[in-house]
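Novice: Dumping the structure here so I can ask a few things about it.
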Amino acid sequence: MQANLQWLDDPEVFRVNQLPAHSDYHYYHDTAEFKTGSRFIKSLNGAWRFNFAKTPAERPVDFYQPDFDATDFDTIQVPGHIELAGYGQIQYINTLYPWEGKIYRRPPYTLNQDQLTPGLFSDAADNTVGSYLKTFDLDDAFKGQRIIIQFQGVEEALYVWLNGHFIGYAEDSFTPSEFDLTPYIQDQGNVLAVRVYKRSTAAFIEDQDMFRFSGIFRDVNILAEPASHITDLDIRPVPNANLKSGELNITTKVTGEPATLALTVKDHDGRVLTSQTQTGSGSVTFDTMLFDQLHLWSPQTPYLYQLTIEVYDADHQLLEVVPYQFGFRTVELRDDKVIYVNNKRLVINGVNRHEWNAHTGRVISMADMRADIQTMLANNINADRTCHYPDQLPWYQLCDEAGIYLMAENNLESHGSWQKMGAIEPSYNVPGDNPHWLAAVIDRARSNYEWFKNHPSIIFWSLGNESYAGEDIAAMQAFYKEHDDSRLVHYEGVVYTPELKDRISDVESRMYEKPQNIVAYLEDNPTKPFLDCEYMHDMGNSLGGMQSYNDLIDKYPMYQGGFIWDFIDQALFVHDPITDQDVLRYGGDFDDRHSDYEFSGDGLMFADRTPKPAMQEVKYYYGLHK
């Protein structure tokens, strides 16, 4: 198969040769590697050769050939944003599409036209292109193994070649993309070529309120898989009604030769609670394990059990060890229309959190993530909505450990397709009811579910943000309901299509609703509990009036709190030649037009993670309902 540039123009092509999504887990050769690092993972982060083209027509067409002369290529750091490396235009936009007012575009298969638009992005004057090259050798532990490459985040459309051979294509910027390199891998001198287009049809459903960047902005790794390898882990811890006992069901997927899987579960103190052995390949299910005395996971006591699976071959040689921490907890929407976690009414003291670093944009570090966790804990914030995309893989584990509730959001926002100049006008809304967009958004739901299904911190799946509503989003909810009965589903945009409310969202979710209107809803025999998915909007000297919302918690059990917009400013440090100081610049400060200007600055913290005075209000009022 050869790469096709026209895939950029077709919403029905969003993954080619991409491996199926699976649970997030780590695997090691033995337990000693838990501390030293796995021999089966090799980072490709660092310096890559790089070429920037302003349009697809100007790209170096055959750059992926092993004998290509890349002497004229620059060097770029991976992970990183192309724009922050000095190429292209830094631009901040809230609701509109980046090309509005400059280029006429409509989503394919809309406006009653059952057709594509040739050259919509593949021959576009505003579609910048980054061509990346990386040469690498295989470590000894990789030789003779199946080799996978994992891109944890690439904006926005990704083509991959190895040693001159086309490997695959992927969209969905914020979930990992994996491809099999095995057929074309060699021990030495591998030439990996990656081409990243800033825009494809995915741009219509990745219209989040944020700086619009492009490039390989999360880690890149190659992974070696032993002869028998666990490719997926499905952990189902279910407390009984008494919340004192429960059962654990675990299913794995094993590729390669049949293997013996030795499972052990330990408590927080390292005591073995149960163990079991199963043999097979393909789908391998362990017998149900019973627990007589449970420790529940909650924000107050984020108790995690330690699962370990050792994989042995037919000669009982250890091939790999897979550890995973999990927790028992319940999430219920009861007949009284109130959500309970572990038999206690849920109160969300939440924030919406963009991933952000004032120096590197959405390229964030473990130190950034740990700092954010500590800020949340110090200010009585117990919940995070991952606005409006899946976050880096470690974030979910950190929230498990810290006891932070998660609303795990899909990578979906199509704001510009239904709201124009402030008016609701969904004539070409996507995904809407459009069958040509259905597979793409279901795939995003599937990826979000598969990668993060084992995390107790996730109590809501969220279908996305500000994408109106229609049959496609209803199908996303049906996917979650079919695969997971341990969590609830959230979506706010159905507020505009009340005829779909019985099929979309387990909660009445609104943005910036006035307290008196919330009271009117709650006193009118409502069918669902109420949640503010965005409220308070901490921009400038704001966040006054929190008590009006806080009082609702005491008076109305069906009011379950909300998520402040938002956690941290989106702003970038720039050296000011006049003052000779590094200063924070917001939207509009980069000659970006159009722009939504300082609207990027509405966090509880400045972009350098300095808390604003408003954080004191949050700490006080959120502390009243811990």
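Letters A, B, ... go to the chains of the structure tokens in the order shown; residues in each chain start at 1; ligands are counted from 1 in the same order.
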I want to know what sits within 12 Å of Ser486 of chain A, based on only C-alpha atoms, with residues of the same chain fewer than 4 positions away left out; could you give that as a list in words?

Specialist: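 The residues satisfying every condition are Ile235, Arg236, Pro237, Val238, Pro239, Phe328, Arg329, Thr330, Val331, Glu332, Leu333, Tyr340, Val341, Asn342, Lys453, Asn454, His455, Pro456, Ser457, Ile458, Ile459, Phe460, Trp461, Tyr480, Lys481 and Glu482 of chain A.
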
Novice: Can you list, as a PyMOL selection string, every residue of segment 351-575 of chain A that DSSP puts in strand (DSSP E)?

Specialist: chain A and resi 351-352+383-385+405-409+419-420+423-424+458-462+488-490+508-511+530-535+559-564+572-575

Novice: Take the residues just selected and output them with N, CA and C atoms as a short mmCIF file (atom, residue, chain, number, x, y, z; two decimals), in the first residue's frame.

Specialist:
data_model
loop_
_atom_site.label_atom_id
_atom_site.label_comp_id
_atom_site.auth_asym_id
_atom_site.auth_seq_id
_atom_site.Cartn_x
_atom_site.Cartn_y
_atom_site.Cartn_z
N VAL A 351 -12.42 21.23 38.33
CA VAL A 351 -11.85 22.18 37.38
C VAL A 351 -11.77 21.53 36.01
N ASN A 352 -11.80 22.35 34.98
CA ASN A 352 -11.40 21.94 33.64
C ASN A 352 -9.92 22.23 33.50
N ALA A 383 -11.80 16.99 41.49
CA ALA A 383 -12.20 16.43 40.20
C ALA A 383 -11.62 17.25 39.06
N ASP A 384 -11.34 16.56 37.96
CA ASP A 384 -10.77 17.17 36.76
C ASP A 384 -11.54 16.69 35.55
N ARG A 385 -11.97 17.64 34.73
CA ARG A 385 -12.51 17.32 33.40
C ARG A 385 -11.38 17.54 32.40
N TYR A 405 -11.15 12.59 41.14
CA TYR A 405 -12.14 12.11 40.17
C TYR A 405 -11.80 12.64 38.78
N LEU A 406 -12.09 11.82 37.77
CA LEU A 406 -11.87 12.24 36.40
C LEU A 406 -13.16 12.14 35.58
N MET A 407 -13.42 13.18 34.80
CA MET A 407 -14.35 13.11 33.69
C MET A 407 -13.49 12.99 32.45
N ALA A 408 -13.42 11.80 31.90
CA ALA A 408 -12.48 11.49 30.81
C ALA A 408 -13.12 11.82 29.47
N GLU A 409 -12.63 12.89 28.87
CA GLU A 409 -13.29 13.44 27.69
C GLU A 409 -12.67 12.91 26.40
N GLN A 419 -22.06 27.05 15.77
CA GLN A 419 -22.26 28.36 16.37
C GLN A 419 -21.49 29.38 15.54
N LYS A 420 -22.24 30.32 14.97
CA LYS A 420 -21.62 31.32 14.11
C LYS A 420 -21.99 32.71 14.62
N ALA A 423 -24.52 32.92 17.31
CA ALA A 423 -25.85 32.34 17.09
C ALA A 423 -25.75 30.83 16.88
N ILE A 424 -26.78 30.12 17.31
CA ILE A 424 -26.85 28.67 17.09
C ILE A 424 -27.39 28.43 15.69
N ILE A 458 -11.69 7.45 37.02
CA ILE A 458 -12.66 7.86 36.00
C ILE A 458 -14.06 7.43 36.46
N ILE A 459 -14.92 8.43 36.70
CA ILE A 459 -16.29 8.12 37.06
C ILE A 459 -17.27 8.54 35.97
N PHE A 460 -16.83 9.38 35.05
CA PHE A 460 -17.62 9.76 33.87
C PHE A 460 -16.79 9.55 32.61
N TRP A 461 -17.41 9.01 31.58
CA TRP A 461 -16.92 9.18 30.22
C TRP A 461 -17.64 10.41 29.66
N SER A 462 -16.93 11.27 28.96
CA SER A 462 -17.54 12.44 28.35
C SER A 462 -17.43 12.33 26.83
N LEU A 488 -20.76 6.52 34.49
CA LEU A 488 -21.81 7.28 33.83
C LEU A 488 -21.24 7.99 32.60
N VAL A 489 -22.16 8.48 31.76
CA VAL A 489 -21.78 9.18 30.53
C VAL A 489 -22.27 10.62 30.61
N HIS A 490 -21.41 11.54 30.21
CA HIS A 490 -21.71 12.97 30.26
C HIS A 490 -21.64 13.59 28.87
N GLU A 508 -28.02 16.19 33.54
CA GLU A 508 -28.31 17.48 32.93
C GLU A 508 -27.07 18.35 33.11
N SER A 509 -26.39 18.64 32.02
CA SER A 509 -25.13 19.36 32.08
C SER A 509 -25.27 20.66 31.31
N ARG A 510 -24.91 21.74 31.96
CA ARG A 510 -24.99 23.05 31.31
C ARG A 510 -23.72 23.85 31.60
N MET A 511 -23.53 24.88 30.77
CA MET A 511 -22.37 25.75 30.93
C MET A 511 -22.82 27.12 31.41
N PHE A 530 -28.18 17.42 38.16
CA PHE A 530 -27.62 18.59 37.47
C PHE A 530 -26.13 18.71 37.76
N LEU A 531 -25.38 19.05 36.70
CA LEU A 531 -23.93 19.23 36.82
C LEU A 531 -23.51 20.43 35.99
N ASP A 532 -22.70 21.31 36.58
CA ASP A 532 -22.10 22.41 35.82
C ASP A 532 -20.78 21.92 35.23
N CYS A 533 -20.79 21.56 33.94
CA CYS A 533 -19.53 21.08 33.36
C CYS A 533 -18.53 22.22 33.16
N GLU A 534 -19.04 23.43 33.00
CA GLU A 534 -18.19 24.63 33.02
C GLU A 534 -18.97 25.72 33.74
N TYR A 535 -18.32 26.36 34.71
CA TYR A 535 -18.95 27.49 35.38
C TYR A 535 -17.87 28.36 36.02
N TYR A 559 -28.30 18.48 42.85
CA TYR A 559 -27.24 19.34 42.35
C TYR A 559 -25.91 18.75 42.81
N GLN A 560 -25.03 18.41 41.87
CA GLN A 560 -23.85 17.61 42.18
C GLN A 560 -22.54 18.34 41.94
N GLY A 561 -22.62 19.70 41.88
CA GLY A 561 -21.40 20.48 41.78
C GLY A 561 -21.01 20.75 40.34
N GLY A 562 -19.74 21.09 40.15
CA GLY A 562 -19.32 21.44 38.81
C GLY A 562 -17.82 21.61 38.66
N PHE A 563 -17.44 21.98 37.45
CA PHE A 563 -16.04 22.14 37.04
C PHE A 563 -15.80 23.59 36.63
N ILE A 564 -14.94 24.27 37.36
CA ILE A 564 -14.62 25.66 37.04
C ILE A 564 -13.86 25.73 35.71
N LEU A 572 2.21 32.12 26.81
CA LEU A 572 3.57 31.68 26.51
C LEU A 572 4.58 32.74 26.91
N PHE A 573 5.68 32.27 27.47
CA PHE A 573 6.78 33.18 27.78
C PHE A 573 7.48 33.62 26.48
N VAL A 574 7.67 34.92 26.36
CA VAL A 574 8.39 35.52 25.23
C VAL A 574 9.36 36.54 25.81
N HIS A 575 10.57 36.58 25.28
CA HIS A 575 11.54 37.56 25.76
C HIS A 575 11.22 38.92 25.16
#

Novice: Which residues come within 9 Å of segment 66-77 of chain A, counting only C-alpha atoms, excluding same-chain residues fewer than 3 positions away, as a PyMOL selection string?

Specialist: chain A and resi 45-52+62-63+80-82+85+132-133+162-164+190-192

Novice: I need the chosen residues saved as a compact mmCIF listing (two decimals), in the first residue's frame, with C-alpha atoms.

Specialist:
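Generated output (again.txt):
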# COMPACT_ATOMS: atom_id res chain seq x y z
CA ASN A 45 12.64 11.55 21.84
CA GLY A 46 15.33 14.11 21.16
CA ALA A 47 16.78 15.69 18.03
CA TRP A 48 15.19 14.80 14.67
CA ARG A 49 16.03 16.13 11.20
CA PHE A 50 13.22 18.40 10.07
CA ASN A 51 11.85 20.23 7.05
CA PHE A 52 9.04 22.77 7.18
CA ASP A 62 10.46 11.49 -1.50
CA PHE A 63 12.05 12.38 1.84
CA GLY A 80 7.60 19.74 20.60
CA HIS A 81 5.28 22.03 18.66
CA ILE A 82 6.39 23.07 15.20
CA ALA A 85 10.31 25.88 17.17
CA TYR A 132 10.67 14.46 10.28
CA LEU A 133 13.57 12.00 9.95
CA LEU A 162 10.30 2.96 7.68
CA ASN A 163 13.27 2.29 5.43
CA GLY A 164 11.33 3.54 2.43
CA ASN A 190 16.73 2.24 10.37
CA VAL A 191 15.37 5.39 8.74
CA LEU A 192 12.07 6.47 10.25

Novice: Leaving out Asp315 of chain A and any residue of its chain fewer than 2 positions from it, which residues lie within 10 Å of it when counting only C-alpha atoms, given as a PDB file with N, CA and C atoms, in the first residue's frame?

Specialist:
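This went into selection29.pdb:
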ATOM      1  N   ALA A 259       0.892 -19.273  26.229  1.00  0.00           N
ATOM      2  CA  ALA A 259       1.744 -18.957  27.373  1.00  0.00           C
ATOM      3  C   ALA A 259       1.030 -19.290  28.669  1.00  0.00           C
ATOM      4  N   THR A 260       1.824 -19.397  29.716  1.00  0.00           N
ATOM      5  CA  THR A 260       1.286 -19.563  31.059  1.00  0.00           C
ATOM      6  C   THR A 260       1.321 -18.213  31.759  1.00  0.00           C
ATOM      7  N   TYR A 312       5.034 -16.828  31.078  1.00  0.00           N
ATOM      8  CA  TYR A 312       6.054 -17.854  30.887  1.00  0.00           C
ATOM      9  C   TYR A 312       5.797 -18.611  29.583  1.00  0.00           C
ATOM     10  N   ASP A 313       6.896 -19.019  28.928  1.00  0.00           N
ATOM     11  CA  ASP A 313       6.747 -19.825  27.720  1.00  0.00           C
ATOM     12  C   ASP A 313       6.592 -21.303  28.078  1.00  0.00           C
ATOM     13  N   GLN A 317      10.205 -20.417  30.918  1.00  0.00           N
ATOM     14  CA  GLN A 317      11.111 -19.278  30.937  1.00  0.00           C
ATOM     15  C   GLN A 317      10.278 -17.995  31.026  1.00  0.00           C
ATOM     16  N   LEU A 318      10.658 -17.111  31.933  1.00  0.00           N
ATOM     17  CA  LEU A 318       9.927 -15.871  32.109  1.00  0.00           C
ATOM     18  C   LEU A 318      10.148 -14.950  30.906  1.00  0.00           C
TER      19      LEU A 318
END

Novice: Within 12 Å of segment 334-337 of chain A, counting only C-alpha atoms, which residues show up once you throw out same-chain ones fewer than 5 positions away? Write them as JSON, numbers by chain, please.

Specialist: {"A": [343, 344, 345, 346, 488, 506, 507, 508, 522, 525, 526, 527, 528, 529, 530, 556, 557, 558, 559, 560]}

Novice: Need to verify the contact set: Glu83 of chain A, 12 Å, only C-alpha atoms, exclusion of same-chain residues closer than 3 positions in sequence. Can you return it as a list in words?

Specialist: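 What passes the distance filter is Phe52, Lys54, Ile76, Gln77, Gly80, Gly86, Tyr87, Gly88, Gln89, Ile90, Gln91, Tyr92, Thr128, Val129, Gly130, Glu155, Lys198, Phe211, Arg212, Phe213, Ser214, Gly215, Ile216, Phe217, Thr360, Gly361, Arg362, Leu572 and Phe590 of chain A.
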
Novice: Restricted to N, CA and C atoms, what would the selected residues look like written as a CSV table (one decimal), in the first residue's frame?

Specialist:
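Below is the file part-v6.csv, written as the result:
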chain,number,residue,atom,x,y,z
A,52,PHE,N,10.3,22.1,7.1
A,52,PHE,CA,9.0,22.8,7.2
A,52,PHE,C,8.6,23.3,5.8
A,54,LYS,N,5.3,25.3,3.8
A,54,LYS,CA,4.2,26.1,4.0
A,54,LYS,C,2.9,25.5,3.4
A,76,ILE,N,15.0,19.6,14.9
A,76,ILE,CA,13.9,20.0,15.8
A,76,ILE,C,13.9,19.0,16.9
A,77,GLN,N,13.4,19.4,18.1
A,77,GLN,CA,13.3,18.6,19.2
A,77,GLN,C,11.9,17.9,19.3
A,80,GLY,N,7.6,18.3,20.7
A,80,GLY,CA,7.6,19.7,20.6
A,80,GLY,C,6.6,20.2,19.6
A,86,GLY,N,9.7,27.9,15.9
A,86,GLY,CA,10.1,29.0,15.0
A,86,GLY,C,9.5,28.9,13.6
A,87,TYR,N,8.6,27.9,13.4
A,87,TYR,CA,8.0,27.7,12.1
A,87,TYR,C,6.5,28.0,12.1
A,88,GLY,N,6.0,28.6,11.1
A,88,GLY,CA,4.5,28.8,11.0
A,88,GLY,C,4.0,29.8,11.9
A,89,GLN,N,2.7,29.9,12.1
A,89,GLN,CA,2.0,30.9,12.8
A,89,GLN,C,1.5,30.4,14.1
A,90,ILE,N,1.9,31.0,15.2
A,90,ILE,CA,1.2,30.8,16.5
A,90,ILE,C,-0.1,31.5,16.5
A,91,GLN,N,-1.2,30.7,16.8
A,91,GLN,CA,-2.5,31.3,16.7
A,91,GLN,C,-3.4,30.7,17.9
A,92,TYR,N,-4.1,31.7,18.5
A,92,TYR,CA,-5.1,31.2,19.6
A,92,TYR,C,-6.5,31.6,19.1
A,128,THR,N,0.2,23.7,6.7
A,128,THR,CA,1.7,23.5,6.8
A,128,THR,C,2.0,22.1,7.0
A,129,VAL,N,3.3,21.7,6.7
A,129,VAL,CA,3.7,20.3,6.7
A,129,VAL,C,5.1,20.2,7.4
A,130,GLY,N,5.2,19.3,8.3
A,130,GLY,CA,6.4,19.0,8.9
A,130,GLY,C,6.9,17.6,8.5
A,155,GLU,N,-0.3,16.2,16.3
A,155,GLU,CA,-1.3,17.0,15.7
A,155,GLU,C,-0.9,17.3,14.3
A,198,LYS,N,-0.7,19.9,9.4
A,198,LYS,CA,-1.4,20.6,10.4
A,198,LYS,C,-2.9,20.5,10.3
A,211,PHE,N,-4.6,27.2,21.8
A,211,PHE,CA,-3.7,27.6,20.7
A,211,PHE,C,-3.7,26.4,19.7
A,212,ARG,N,-3.6,26.8,18.4
A,212,ARG,CA,-3.6,25.8,17.4
A,212,ARG,C,-2.2,25.5,17.0
A,213,PHE,N,-1.7,24.3,17.4
A,213,PHE,CA,-0.3,23.9,17.1
A,213,PHE,C,-0.3,22.7,16.2
A,214,SER,N,0.9,22.3,15.8
A,214,SER,CA,1.0,21.0,15.0
A,214,SER,C,2.3,20.4,15.4
A,215,GLY,N,2.5,19.1,15.0
A,215,GLY,CA,3.7,18.4,15.2
A,215,GLY,C,3.6,17.3,16.2
A,216,ILE,N,4.8,16.6,16.4
A,216,ILE,CA,4.9,15.5,17.3
A,216,ILE,C,5.1,16.1,18.7
A,217,PHE,N,4.0,16.1,19.5
A,217,PHE,CA,4.1,16.9,20.8
A,217,PHE,C,4.1,16.0,22.0
A,360,THR,N,6.6,25.5,26.8
A,360,THR,CA,6.5,24.5,25.8
A,360,THR,C,5.1,24.2,25.3
A,361,GLY,N,4.1,25.0,25.7
A,361,GLY,CA,2.7,24.7,25.3
A,361,GLY,C,2.1,23.5,25.8
A,362,ARG,N,1.6,22.6,25.0
A,362,ARG,CA,1.0,21.4,25.4
A,362,ARG,C,2.0,20.3,25.6
A,572,LEU,N,2.2,32.1,26.8
A,572,LEU,CA,3.6,31.7,26.5
A,572,LEU,C,4.6,32.7,26.9
A,590,PHE,N,0.8,37.5,19.0
A,590,PHE,CA,1.8,36.8,18.1
A,590,PHE,C,1.4,37.2,16.7

Novice: Could you check which of A:Arg59, A:Ala262, A:Tyr620, A:Tyr27 is closest to Ala378 of chain A, using only C-alpha atoms?

Specialist: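 Closest to Ala378 of chain A of all the choices is A:Tyr620.
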
Novice: Just the residues within 9 Å of segment 595-609 of chain A, please, counting only C-alpha atoms, with nothing from its chain fewer than 5 positions along; format it as an MDAnalysis selection string.

Specialist: chainID A and resid 91:95 98 209:211 353 356:359 368 371:372 537:540 564:573 584:589 614:615 618

Novice: Between A:Pro60, A:Ala203, A:His295, A:Thr55, which residue has the minimum interatomic distance to Arg106 of chain A, considering only C-alpha atoms?

Specialist: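 The closest residue to Arg106 of chain A is A:Ala203.
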
Novice: Within segment 436-523 of chain A, find each residue whose DSSP state, derived from the backbone, is alpha helix (DSSP H), and express the selection as a ChimeraX atom specification.

Specialist: /A:436-452,471-483,515-522

Novice: Next, the residues of the selection above should be written as a compact mmCIF listing (two decimals), in the first residue's frame with C-alpha atoms.

Specialist:
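Saved as out_20.txt:
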# COMPACT_ATOMS: atom_id res chain seq x y z
CA HIS A 436 -19.96 9.71 6.90
CA TRP A 437 -18.66 11.09 10.22
CA LEU A 438 -19.98 8.30 12.44
CA ALA A 439 -17.03 5.89 12.23
CA ALA A 440 -14.50 8.61 13.12
CA VAL A 441 -16.24 9.67 16.34
CA ILE A 442 -17.02 6.10 17.41
CA ASP A 443 -13.33 5.35 16.93
CA ARG A 444 -12.46 8.24 19.23
CA ALA A 445 -14.84 6.90 21.86
CA ARG A 446 -13.33 3.44 21.49
CA SER A 447 -9.78 4.74 21.88
CA ASN A 448 -10.68 6.77 24.97
CA TYR A 449 -12.38 3.76 26.53
CA GLU A 450 -9.75 1.16 25.68
CA TRP A 451 -6.74 3.17 26.83
CA PHE A 452 -8.21 4.24 30.19
CA GLU A 471 -27.44 10.51 16.04
CA ASP A 472 -23.64 10.16 15.85
CA ILE A 473 -23.16 11.38 19.42
CA ALA A 474 -26.05 9.18 20.56
CA ALA A 475 -24.14 6.26 19.00
CA MET A 476 -21.06 7.24 21.01
CA GLN A 477 -23.10 6.99 24.20
CA ALA A 478 -24.44 3.60 23.09
CA PHE A 479 -20.84 2.43 22.66
CA TYR A 480 -19.94 3.33 26.24
CA LYS A 481 -23.12 1.82 27.64
CA GLU A 482 -22.44 -1.42 25.79
CA HIS A 483 -18.88 -1.71 27.08
CA PRO A 515 -28.10 29.75 39.97
CA GLN A 516 -31.74 30.80 39.70
CA ASN A 517 -32.14 28.81 36.48
CA ILE A 518 -30.58 25.79 38.13
CA VAL A 519 -33.11 26.15 40.94
CA ALA A 520 -35.93 26.33 38.40
CA TYR A 521 -34.71 23.09 36.83
CA LEU A 522 -34.29 21.28 40.14
